[in-house]
Structure formats: structure tokens, C-alpha cells
file work.cif (mmCIF, C-alpha atoms)
data_entry
loop_
_atom_site.label_atom_id
_atom_site.label_comp_id
_atom_site.auth_asym_id
_atom_site.auth_seq_id
_atom_site.Cartn_x
_atom_site.Cartn_y
_atom_site.Cartn_z
CA GLU A 1 74.61 132.17 134.61
CA ASN A 2 73.24 129.93 131.85
CA VAL A 3 69.89 130.91 130.38
CA THR A 4 67.55 128.27 128.96
CA ALA A 5 66.95 128.82 125.25
CA SER A 6 63.61 128.75 123.45
CA ASP A 7 63.70 128.01 119.71
CA THR A 8 62.74 125.56 116.97
CA ARG A 9 66.30 124.63 115.99
CA PHE A 10 69.64 123.74 117.50
CA ASP A 11 72.87 121.89 116.77
CA ALA A 12 73.28 118.46 118.33
CA THR A 13 75.54 115.43 118.43
CA VAL A 14 73.41 112.46 117.38
CA VAL A 15 73.99 108.74 117.86
CA TRP A 16 72.07 106.84 115.17
CA MET A 17 70.72 103.44 116.27
CA ALA A 18 68.47 102.23 113.46
CA GLU A 19 69.49 99.72 110.80
CA THR A 20 68.21 102.04 108.08
CA PRO A 21 70.71 104.86 107.36
CA LEU A 22 69.82 108.37 108.48
CA LEU A 23 69.51 110.82 105.59
CA PRO A 24 68.78 114.54 105.99
CA GLY A 25 65.20 115.71 105.65
CA LYS A 26 63.22 112.76 107.01
CA VAL A 27 60.64 113.64 109.67
CA PHE A 28 60.84 112.06 113.15
CA ASP A 29 59.41 112.68 116.60
CA PHE A 30 61.84 114.25 119.05
CA LYS A 31 61.28 113.74 122.77
CA LEU A 32 62.85 116.42 124.96
CA GLY A 33 61.97 115.78 128.58
CA SER A 34 58.22 115.32 128.77
CA LYS A 35 57.50 117.05 125.46
CA THR A 36 57.39 115.29 122.09
CA VAL A 37 57.42 117.31 118.86
CA SER A 38 57.91 116.45 115.21
CA GLY A 39 60.86 117.71 113.22
CA SER A 40 63.79 116.69 111.06
CA LEU A 41 67.56 116.57 110.89
CA ASN A 42 67.95 119.03 108.05
CA THR A 43 71.73 118.98 107.95
CA ILE A 44 74.46 116.51 108.84
CA HIS A 45 77.54 118.68 109.28
CA SER A 46 79.96 115.78 109.72
CA ARG A 47 80.46 112.24 110.99
CA ILE A 48 82.72 111.69 113.99
CA ASP A 49 85.25 108.86 113.85
CA VAL A 50 84.84 107.15 117.22
CA ASN A 51 88.46 105.97 117.19
CA THR A 52 90.24 109.21 116.30
CA LEU A 53 87.45 111.76 117.02
CA GLU A 54 88.19 113.27 113.61
CA LYS A 55 85.29 114.84 111.72
CA HIS A 56 84.51 113.75 108.16
CA PRO A 57 81.89 114.98 105.66
CA ALA A 58 79.01 112.52 105.38
CA PRO A 59 75.74 112.44 103.41
CA GLY A 60 74.13 110.35 106.16
CA LEU A 61 74.74 108.21 109.22
CA GLU A 62 74.84 104.43 109.35
CA SER A 63 73.81 102.39 112.39
CA ASN A 64 75.94 103.19 115.48
CA GLU A 65 77.58 106.18 113.82
CA ILE A 66 77.82 109.58 115.50
CA GLY A 67 77.34 112.86 113.68
CA LEU A 68 77.11 116.60 114.20
CA THR A 69 73.69 117.71 112.99
CA GLU A 70 71.23 120.57 112.84
CA ILE A 71 67.77 119.80 114.22
CA ASN A 72 64.70 121.72 113.03
CA LEU A 73 61.47 121.25 114.99
CA ASP A 74 57.89 122.13 114.09
CA GLU A 75 57.26 123.74 117.49
CA THR A 76 59.25 125.93 119.83
CA VAL A 77 60.83 124.07 122.75
CA CYS A 78 62.94 125.07 125.74
CA PHE A 79 66.39 123.53 126.06
CA ASP A 80 69.96 123.96 127.28
CA SER A 81 73.33 122.83 126.04
CA TYR A 82 74.05 119.30 127.26
CA LYS A 83 77.22 120.48 129.00
CA ASP A 84 75.12 122.91 131.06
CA ASN A 85 72.16 120.69 131.84
CA ARG A 86 72.00 117.02 130.90
CA ALA A 87 68.29 116.75 131.60
CA THR A 88 67.19 119.59 129.33
CA GLY A 89 70.09 119.22 126.89
CA SER A 90 69.37 115.69 125.68
CA PHE A 91 66.67 114.05 123.60
CA ILE A 92 65.68 110.83 121.87
CA ILE A 93 64.52 110.36 118.27
CA LEU A 94 61.45 108.23 117.60
CA ASP A 95 60.20 106.68 114.38
CA ARG A 96 56.80 108.25 113.74
CA LEU A 97 55.17 105.02 112.56
CA SER A 98 56.55 102.44 114.98
CA ASN A 99 57.39 104.76 117.91
CA VAL A 100 60.69 102.88 118.20
CA THR A 101 63.74 104.80 119.41
CA VAL A 102 66.07 105.22 116.43
CA GLY A 103 68.55 107.73 117.84
CA ALA A 104 69.60 109.91 120.73
CA GLY A 105 71.23 113.29 120.90
CA MET A 106 73.01 115.88 122.99
CA ILE A 107 72.40 119.55 122.26
CA ASP A 108 75.71 121.23 121.50
CA CYS A 109 74.83 124.87 121.22
CA VAL A 110 72.05 127.28 120.51
CA GLN A 111 71.73 128.47 116.93
CA GLN A 112 72.40 132.13 116.30
CA PRO A 113 69.26 134.22 115.72
CA ARG A 114 68.01 134.05 112.16
CA ARG A 115 69.05 136.92 109.95
CA THR A 116 66.40 138.95 108.22
CA ARG A 117 66.26 139.02 104.43
CA SER A 118 67.99 142.42 104.34
CA GLU A 119 70.74 141.26 106.71
CA SER A 120 71.49 138.13 104.71
CA SER A 121 71.23 139.60 101.21
CA ASN A 122 74.99 140.09 100.90
CA ILE A 123 76.02 136.72 102.32
CA ILE A 124 77.50 134.38 99.72
CA VAL A 125 77.30 130.62 100.15
CA THR A 126 80.79 129.24 99.49
CA LYS A 127 81.63 126.10 97.54
CA GLU A 128 83.13 124.67 100.73
CA GLU A 129 79.79 125.12 102.50
CA ARG A 130 77.97 123.40 99.64
CA ALA A 131 80.39 120.47 99.73
CA ALA A 132 79.91 120.17 103.49
CA ARG A 133 76.12 120.28 103.11
CA TYR A 134 76.19 117.38 100.63
CA GLY A 135 78.89 115.55 102.57
CA GLN A 136 81.10 114.91 99.55
CA LYS A 137 84.13 116.16 97.63
CA PRO A 138 82.90 117.60 94.31
CA ALA A 139 84.84 116.38 91.29
CA THR A 140 84.52 115.75 87.57
CA ILE A 141 85.09 112.20 86.36
CA MET A 142 85.42 112.46 82.59
CA PHE A 143 85.23 109.42 80.33
CA VAL A 144 86.84 110.13 76.95
CA GLY A 145 87.26 108.05 73.80
CA VAL A 146 85.98 107.58 70.28
CA SER A 147 82.32 107.17 69.41
CA GLY A 148 81.05 103.80 70.62
CA SER A 149 83.75 103.33 73.26
CA GLY A 150 81.20 103.24 76.09
CA LYS A 151 81.65 106.74 77.54
CA SER A 152 77.98 107.57 78.07
CA THR A 153 77.16 104.12 79.43
CA LEU A 154 79.87 104.36 82.07
CA ALA A 155 79.00 107.95 82.97
CA HIS A 156 75.36 107.04 83.57
CA GLY A 157 76.38 103.88 85.40
CA LEU A 158 78.65 105.88 87.70
CA GLU A 159 75.88 108.37 88.39
CA ARG A 160 73.55 105.52 89.36
CA ARG A 161 76.11 104.08 91.79
CA LEU A 162 76.71 107.48 93.36
CA PHE A 163 72.99 108.22 93.58
CA ASP A 164 72.29 104.88 95.26
CA ARG A 165 74.93 105.75 97.86
CA GLY A 166 73.31 109.07 98.68
CA ARG A 167 75.68 111.27 96.68
CA VAL A 168 74.60 114.29 94.64
CA SER A 169 75.75 113.86 91.05
CA THR A 170 74.73 114.41 87.44
CA VAL A 171 75.80 113.43 83.92
CA LEU A 172 77.28 115.95 81.48
CA ASP A 173 77.26 114.33 78.05
CA GLY A 174 78.78 115.67 74.84
CA LYS A 175 75.84 114.48 72.73
CA THR A 176 73.35 116.18 75.04
CA MET A 177 75.36 119.40 74.88
CA ARG A 178 74.93 119.39 71.11
CA LEU A 179 71.17 119.55 71.52
CA GLY A 180 71.44 122.99 73.08
CA ILE A 181 74.45 125.08 74.00
CA SER A 182 76.70 123.44 71.38
CA LYS A 183 74.07 123.05 68.67
CA ASP A 184 75.98 125.40 66.38
CA LEU A 185 79.19 123.34 66.30
CA ALA A 186 80.37 121.16 63.45
CA HIS A 187 81.05 117.45 63.90
CA ASP A 188 84.78 117.79 63.32
CA ALA A 189 87.87 117.97 65.53
CA GLU A 190 87.53 121.72 66.01
CA GLY A 191 83.85 121.46 66.89
CA ARG A 192 84.45 118.65 69.36
CA ALA A 193 87.25 120.61 71.03
CA GLU A 194 84.98 123.66 71.37
CA ASN A 195 82.19 121.48 72.76
CA LEU A 196 84.56 120.23 75.43
CA ARG A 197 85.79 123.76 76.17
CA ARG A 198 82.25 125.00 76.80
CA SER A 199 81.36 121.93 78.80
CA ALA A 200 84.40 122.27 81.04
CA HIS A 201 83.03 125.56 82.35
CA ILE A 202 79.69 123.87 83.10
CA ALA A 203 81.51 121.05 84.91
CA ARG A 204 83.39 123.63 86.97
CA PHE A 205 80.11 125.34 87.86
CA LEU A 206 78.59 122.00 88.92
CA ASN A 207 81.61 121.23 91.11
CA ASP A 208 81.51 124.68 92.68
CA SER A 209 77.84 123.98 93.45
CA GLY A 210 78.87 120.85 95.36
CA VAL A 211 77.81 118.37 92.66
CA ILE A 212 79.86 115.44 91.35
CA CYS A 213 79.96 115.59 87.54
CA CYS A 214 80.08 112.36 85.50
CA ALA A 215 81.18 113.57 82.06
CA SER A 216 81.34 111.90 78.66
CA PHE A 217 83.20 113.50 75.73
CA VAL A 218 85.19 112.59 72.64
CA ALA A 219 88.00 115.00 73.66
CA PRO A 220 89.84 114.66 70.33
CA ASN A 221 93.21 116.16 71.21
CA ALA A 222 95.57 116.76 74.10
CA ASP A 223 95.14 120.54 73.99
CA SER A 224 91.38 120.32 74.57
CA ARG A 225 91.83 117.85 77.42
CA GLU A 226 94.51 119.98 79.08
CA HIS A 227 92.30 123.04 78.75
CA ALA A 228 89.45 121.17 80.45
CA ILE A 229 91.75 120.20 83.31
CA ARG A 230 92.86 123.82 83.75
CA VAL A 231 89.27 125.09 83.81
CA ILE A 232 87.92 122.42 86.17
CA GLY A 233 91.07 122.25 88.29
CA LYS A 234 93.65 119.49 88.25
CA ASP A 235 92.72 118.39 91.77
CA ASN A 236 89.06 117.96 90.79
CA CYS A 237 89.29 116.54 87.26
CA TYR A 238 89.86 112.85 86.59
CA ILE A 239 90.09 111.79 82.94
CA ILE A 240 89.55 108.12 82.08
CA TYR A 241 90.50 107.10 78.54
CA LEU A 242 88.47 104.26 77.01
CA ASN A 243 90.16 102.33 74.23
CA PRO A 244 88.18 99.25 73.14
CA PRO A 245 88.94 97.56 69.79
CA MET A 246 87.75 99.69 66.87
CA GLU A 247 85.64 96.84 65.50
CA VAL A 248 83.67 96.89 68.77
CA CYS A 249 83.06 100.63 68.44
CA ILE A 250 81.95 100.22 64.82
CA GLN A 251 79.59 97.41 65.81
CA ARG A 252 78.03 99.56 68.54
CA ASP A 253 77.91 102.78 66.46
CA PRO A 254 75.44 104.55 68.83
CA SER A 255 75.39 107.77 66.79
CA GLY A 256 75.45 106.19 63.33
CA LEU A 257 78.72 107.95 62.49
CA TYR A 258 80.53 104.87 61.24
CA ALA A 259 77.59 103.74 59.10
CA ALA A 260 77.31 107.22 57.57
CA ALA A 261 81.02 107.30 56.77
CA GLU A 262 81.15 103.81 55.27
CA GLY A 263 82.62 103.91 51.79
CA THR A 264 83.82 107.50 52.17
CA GLU A 265 87.11 109.08 53.15
CA SER A 266 85.58 111.27 55.85
CA SER A 267 88.06 112.75 58.32
CA ASN A 268 85.34 113.72 60.78
CA ILE A 269 85.13 110.34 62.49
CA PRO A 270 86.74 110.69 65.92
#
call {"tool": "encode", "arguments": {"input": "work.cif", "output": "C-alpha cells"}}
result
Amino acid sequence: ENVTASDTRFDATVVWMAETPLLPGKVFDFKLGSKTVSGSLNTIHSRIDVNTLEKHPAPGLESNEIGLTEINLDETVCFDSYKDNRATGSFIILDRLSNVTVGAGMIDCVQQPRRTRSESSNIIVTKEERAARYGQKPATIMFVGVSGSGKSTLAHGLERRLFDRGRVSTVLDGKTMRLGISKDLAHDAEGRAENLRRSAHIARFLNDSGVICCASFVAPNADSREHAIRVIGKDNCYIIYLNPPMEVCIQRDPSGLYAAAEGTESSNIP
């Protein structure tokens, strides 16, 4: 015999109807039967392809898309799984300002009871769980080239595009690294290689945390680049080599390296 559940959260299949994309965390009103309570869709586990029924990671839902979600309400409600009781296992989602229906859902299952702090202290969140939470495949996109080739500009531009599309990303820049963790390194081939070596471990950590890393480094030799690929993982590391005309790089000279070396025989210019 099925027993009606009483809780503030449950998993549900949601059909999104609004023109504005659904992103996790926004507060709505949820109407279950005759009761209306506020709450949010804290997690979008996946989007369902309506043609193949395959599940895909997704940071949000567009209009007319269907997703598997976790609902968190501000008050306790009574409900059933939709398969057991369609009346008490379904709900509609209302915009709190306009009171317009923006979505509808079917309760899939009851969440397991929450673990206490002591029970959950040994549970480790995996990198796969983090990737699923963000709805993306973590990777490092590394722009490499000489000073003035446009590495930082493209890395920041890529981060902006990803951010605007709801992705979780950050920039890891060689010049910024030298302000802190690589402050002790010389501005020569060996120092640049060591800067990249240290940074590769940070990029790996960011990827394991579910974050897309947009990196920018000189990467002076093949050995340092290959080491970075090994650390980050060849399936997660994409290196893009920028090779504009040298006169363009000298004209840009963002770090003043070319101006400082003018008239000298310095070998420290990448």
C-alpha cells in the first residue's frame, strides 16, 4: 500500500513553459492541489530529449524543454508519486509577480531522509556529481603563444561567452599567477615552464570541482605543454596555439617586454 509522503522536497519531472529560461535557484510559487507554497528548483539533474528520451546534463531549461529536477519548498506539503496518484503527484509552477503558469511537474519519487551531520561527514562529493550539478563537462581550454598574441583577451572573451550561457567557468592567467603563487619565478624559459607546471595542477583542481577553466600561458616548450596535458588529462585539456605576426605582438606589447628588450640581446623574450 502506498503511503502519502510529507516533506519539503522531492524529485520531479518538469515541463518548462515560459519564454525565459529556467535556471536553478529562482523562487516560484508551487501549487499542489489546493495548497500554494513558495520554493525553488534547486537542482536540474538532466534534460530529457523528447525524441530519444535520452538524458543530458543541462544548466537550465529552455521553453518547452523537459527536465529532471529537485524541488525544495518553504513549507511541508503532502504528496505522492505521480505514478501512484495523479491528483496528489502533480503540480504547477507560478511566477510570483505575474501569477502566470510557467511550468508543470510530476513528482517522481520521495527524497531519502536527510542525513545528520555525523552520518554525512564521511561522504565525498565526486567530480561526476559536481559536473552533473553544473550541467556541463569540465575542461581546460588553454590559449598559448608569445606575449601580445592575444591569449588573455581570448580567455576572458571565452569566459564571458560561457558565463552568458549559464556555464560555470573562470580564467587562469599566467600573468595573474605571477602576482602570487608564481611570484618567485624568473621571466625566462625555465620560469615560464614552472609557472605552467604549477598552474596545470590548479586547472586540474578547477576541472575536478566542475568548473571550466579558460587558461592563458606562454607555454614556451613542448615538454611543459605535454606535462600540462598529462596533469589535466588529455580528454579534458585543449591547447590552442596563437601565432599572429610578430610585428603585431610587438605593437601590442601588453607587458612591456618588447620595449624593455629593445636594443638588447635578451634571450628572455618568449
call {"tool": "resolve_selection", "arguments": {"input": "work.cif", "expression": "the PyMOL selection byres ((chain A and resi 168) around 6)", "output": "PyMOL selection string"}}
result
chain A and resi 167+169+211
call {"tool": "atom_distance", "arguments": {"input": "work.cif", "atom1": "CA of Thr76 in chain A", "atom2": "CA of Gly33 in chain A"}}
result
13.7 Å
call {"tool": "closest_residue", "arguments": {"input": "work.cif", "among": "A:Leu179, A:Ile232, A:Ser46, A:Trp16", "to": "Glu129 in chain A", "atoms": "all atoms listed in the file"}}
result
A:Ser46
call {"tool": "closest_residue", "arguments": {"input": "work.cif", "among": "A:Asp184, A:Glu65, A:Asp164, A:Glu159", "to": "Ser216 in chain A", "atoms": "all atoms listed in the file"}}
result
A:Glu159
call {"tool": "resolve_selection", "arguments": {"input": "work.cif", "expression": "the PyMOL selection byres ((chain A and resi 12-14) around 8)", "output": "PyMOL selection string"}}
result
chain A and resi 10-11+15-16+66-71+103-109
call {"tool": "resolve_selection", "arguments": {"input": "work.cif", "expression": "the PyMOL selection byres ((chain A and resi 197) around 12)", "output": "PDB file with C-alpha atoms, keeping the file's coordinate frame"}}
result
ATOM      1  CA  GLY A 174      78.780 115.670  74.840  1.00  0.00           C
ATOM      2  CA  MET A 177      75.360 119.400  74.880  1.00  0.00           C
ATOM      3  CA  ILE A 181      74.450 125.080  74.000  1.00  0.00           C
ATOM      4  CA  SER A 182      76.700 123.440  71.380  1.00  0.00           C
ATOM      5  CA  LEU A 185      79.190 123.340  66.300  1.00  0.00           C
ATOM      6  CA  GLU A 190      87.530 121.720  66.010  1.00  0.00           C
ATOM      7  CA  GLY A 191      83.850 121.460  66.890  1.00  0.00           C
ATOM      8  CA  ARG A 192      84.450 118.650  69.360  1.00  0.00           C
ATOM      9  CA  ALA A 193      87.250 120.610  71.030  1.00  0.00           C
ATOM     10  CA  GLU A 194      84.980 123.660  71.370  1.00  0.00           C
ATOM     11  CA  ASN A 195      82.190 121.480  72.760  1.00  0.00           C
ATOM     12  CA  LEU A 196      84.560 120.230  75.430  1.00  0.00           C
ATOM     13  CA  ARG A 198      82.250 125.000  76.800  1.00  0.00           C
ATOM     14  CA  SER A 199      81.360 121.930  78.800  1.00  0.00           C
ATOM     15  CA  ALA A 200      84.400 122.270  81.040  1.00  0.00           C
ATOM     16  CA  HIS A 201      83.030 125.560  82.350  1.00  0.00           C
ATOM     17  CA  ILE A 202      79.690 123.870  83.100  1.00  0.00           C
ATOM     18  CA  ALA A 203      81.510 121.050  84.910  1.00  0.00           C
ATOM     19  CA  ARG A 204      83.390 123.630  86.970  1.00  0.00           C
ATOM     20  CA  PHE A 217      83.200 113.500  75.730  1.00  0.00           C
ATOM     21  CA  VAL A 218      85.190 112.590  72.640  1.00  0.00           C
ATOM     22  CA  ALA A 219      88.000 115.000  73.660  1.00  0.00           C
ATOM     23  CA  PRO A 220      89.840 114.660  70.330  1.00  0.00           C
ATOM     24  CA  ASN A 221      93.210 116.160  71.210  1.00  0.00           C
ATOM     25  CA  ASP A 223      95.140 120.540  73.990  1.00  0.00           C
ATOM     26  CA  SER A 224      91.380 120.320  74.570  1.00  0.00           C
ATOM     27  CA  ARG A 225      91.830 117.850  77.420  1.00  0.00           C
ATOM     28  CA  GLU A 226      94.510 119.980  79.080  1.00  0.00           C
ATOM     29  CA  HIS A 227      92.300 123.040  78.750  1.00  0.00           C
ATOM     30  CA  ALA A 228      89.450 121.170  80.450  1.00  0.00           C
ATOM     31  CA  ILE A 229      91.750 120.200  83.310  1.00  0.00           C
ATOM     32  CA  ARG A 230      92.860 123.820  83.750  1.00  0.00           C
ATOM     33  CA  VAL A 231      89.270 125.090  83.810  1.00  0.00           C
ATOM     34  CA  ILE A 232      87.920 122.420  86.170  1.00  0.00           C
TER      35      ILE A 232
END
call {"tool": "closest_residue", "arguments": {"input": "work.cif", "among": "A:Asp208, A:Asp235, A:Asp29, A:Asp188", "to": "Phe91 in chain A", "atoms": "all atoms listed in the file"}}
result
A:Asp29
call {"tool": "closest_residue", "arguments": {"input": "work.cif", "among": "A:Gly145, A:Ile239, A:Leu23, A:Asn64", "to": "Val50 in chain A", "atoms": "only C-alpha atoms"}}
result
A:Asn64
call {"tool": "atom_distance", "arguments": {"input": "work.cif", "atom1": "CA of Asn207 in chain A", "atom2": "CA of Ala131 in chain A"}}
result
8.7 Å
call {"tool": "build_atoms", "arguments": {"input": "work.cif", "residues": "range 46-71 of chain A", "atoms": "N, CA and C atoms", "output": "PDB file, in the coordinates of the input"}}
result
ATOM      1  N   SER A  46      78.824 116.697 109.847  1.00  0.00           N
ATOM      2  CA  SER A  46      79.960 115.780 109.720  1.00  0.00           C
ATOM      3  C   SER A  46      79.702 114.524 110.535  1.00  0.00           C
ATOM      4  N   ARG A  47      80.470 113.490 110.213  1.00  0.00           N
ATOM      5  CA  ARG A  47      80.460 112.240 110.990  1.00  0.00           C
ATOM      6  C   ARG A  47      81.715 112.203 111.842  1.00  0.00           C
ATOM      7  N   ILE A  48      81.587 111.735 113.074  1.00  0.00           N
ATOM      8  CA  ILE A  48      82.720 111.690 113.990  1.00  0.00           C
ATOM      9  C   ILE A  48      83.286 110.270 114.018  1.00  0.00           C
ATOM     10  N   ASP A  49      84.570 110.144 113.740  1.00  0.00           N
ATOM     11  CA  ASP A  49      85.250 108.860 113.850  1.00  0.00           C
ATOM     12  C   ASP A  49      85.432 108.538 115.329  1.00  0.00           C
ATOM     13  N   VAL A  50      84.819 107.453 115.786  1.00  0.00           N
ATOM     14  CA  VAL A  50      84.840 107.150 117.220  1.00  0.00           C
ATOM     15  C   VAL A  50      86.232 106.752 117.700  1.00  0.00           C
ATOM     16  N   ASN A  51      87.112 106.370 116.795  1.00  0.00           N
ATOM     17  CA  ASN A  51      88.460 105.970 117.190  1.00  0.00           C
ATOM     18  C   ASN A  51      89.420 107.144 117.281  1.00  0.00           C
ATOM     19  N   THR A  52      89.302 108.081 116.337  1.00  0.00           N
ATOM     20  CA  THR A  52      90.240 109.210 116.300  1.00  0.00           C
ATOM     21  C   THR A  52      89.592 110.533 116.691  1.00  0.00           C
ATOM     22  N   LEU A  53      88.234 110.548 116.755  1.00  0.00           N
ATOM     23  CA  LEU A  53      87.450 111.760 117.020  1.00  0.00           C
ATOM     24  C   LEU A  53      87.572 112.793 115.901  1.00  0.00           C
ATOM     25  N   GLU A  54      88.116 112.375 114.757  1.00  0.00           N
ATOM     26  CA  GLU A  54      88.190 113.270 113.610  1.00  0.00           C
ATOM     27  C   GLU A  54      86.802 113.412 112.979  1.00  0.00           C
ATOM     28  N   LYS A  55      86.566 114.566 112.359  1.00  0.00           N
ATOM     29  CA  LYS A  55      85.290 114.840 111.720  1.00  0.00           C
ATOM     30  C   LYS A  55      85.430 114.690 110.203  1.00  0.00           C
ATOM     31  N   HIS A  56      84.476 113.987 109.594  1.00  0.00           N
ATOM     32  CA  HIS A  56      84.510 113.750 108.160  1.00  0.00           C
ATOM     33  C   HIS A  56      83.162 114.118 107.541  1.00  0.00           C
ATOM     34  N   PRO A  57      83.165 114.711 106.337  1.00  0.00           N
ATOM     35  CA  PRO A  57      81.890 114.980 105.660  1.00  0.00           C
ATOM     36  C   PRO A  57      81.132 113.676 105.441  1.00  0.00           C
ATOM     37  N   ALA A  58      79.813 113.726 105.549  1.00  0.00           N
ATOM     38  CA  ALA A  58      79.010 112.520 105.380  1.00  0.00           C
ATOM     39  C   ALA A  58      77.619 112.885 104.902  1.00  0.00           C
ATOM     40  N   PRO A  59      77.107 112.166 103.885  1.00  0.00           N
ATOM     41  CA  PRO A  59      75.740 112.440 103.410  1.00  0.00           C
ATOM     42  C   PRO A  59      74.681 111.893 104.351  1.00  0.00           C
ATOM     43  N   GLY A  60      75.072 110.957 105.231  1.00  0.00           N
ATOM     44  CA  GLY A  60      74.130 110.350 106.160  1.00  0.00           C
ATOM     45  C   GLY A  60      74.879 109.637 107.266  1.00  0.00           C
ATOM     46  N   LEU A  61      74.142 108.965 108.132  1.00  0.00           N
ATOM     47  CA  LEU A  61      74.740 108.210 109.220  1.00  0.00           C
ATOM     48  C   LEU A  61      74.250 106.768 109.166  1.00  0.00           C
ATOM     49  N   GLU A  62      75.192 105.835 109.268  1.00  0.00           N
ATOM     50  CA  GLU A  62      74.840 104.430 109.350  1.00  0.00           C
ATOM     51  C   GLU A  62      74.580 104.063 110.814  1.00  0.00           C
ATOM     52  N   SER A  63      74.099 102.850 111.035  1.00  0.00           N
ATOM     53  CA  SER A  63      73.810 102.390 112.390  1.00  0.00           C
ATOM     54  C   SER A  63      75.054 102.482 113.272  1.00  0.00           C
ATOM     55  N   ASN A  64      74.886 103.027 114.470  1.00  0.00           N
ATOM     56  CA  ASN A  64      75.940 103.190 115.480  1.00  0.00           C
ATOM     57  C   ASN A  64      76.955 104.273 115.143  1.00  0.00           C
ATOM     58  N   GLU A  65      76.692 105.057 114.120  1.00  0.00           N
ATOM     59  CA  GLU A  65      77.580 106.180 113.820  1.00  0.00           C
ATOM     60  C   GLU A  65      77.122 107.429 114.567  1.00  0.00           C
ATOM     61  N   ILE A  66      78.076 108.338 114.776  1.00  0.00           N
ATOM     62  CA  ILE A  66      77.820 109.580 115.500  1.00  0.00           C
ATOM     63  C   ILE A  66      78.073 110.747 114.559  1.00  0.00           C
ATOM     64  N   GLY A  67      77.176 111.724 114.575  1.00  0.00           N
ATOM     65  CA  GLY A  67      77.340 112.860 113.680  1.00  0.00           C
ATOM     66  C   GLY A  67      76.940 114.171 114.331  1.00  0.00           C
ATOM     67  N   LEU A  68      77.496 115.248 113.789  1.00  0.00           N
ATOM     68  CA  LEU A  68      77.110 116.600 114.200  1.00  0.00           C
ATOM     69  C   LEU A  68      76.011 117.064 113.260  1.00  0.00           C
ATOM     70  N   THR A  69      74.869 117.438 113.805  1.00  0.00           N
ATOM     71  CA  THR A  69      73.690 117.710 112.990  1.00  0.00           C
ATOM     72  C   THR A  69      73.025 119.026 113.378  1.00  0.00           C
ATOM     73  N   GLU A  70      72.123 119.456 112.509  1.00  0.00           N
ATOM     74  CA  GLU A  70      71.230 120.570 112.840  1.00  0.00           C
ATOM     75  C   GLU A  70      69.811 120.031 112.897  1.00  0.00           C
ATOM     76  N   ILE A  71      69.134 120.264 114.014  1.00  0.00           N
ATOM     77  CA  ILE A  71      67.770 119.800 114.220  1.00  0.00           C
ATOM     78  C   ILE A  71      66.808 120.966 113.998  1.00  0.00           C
TER      79      ILE A  71
END
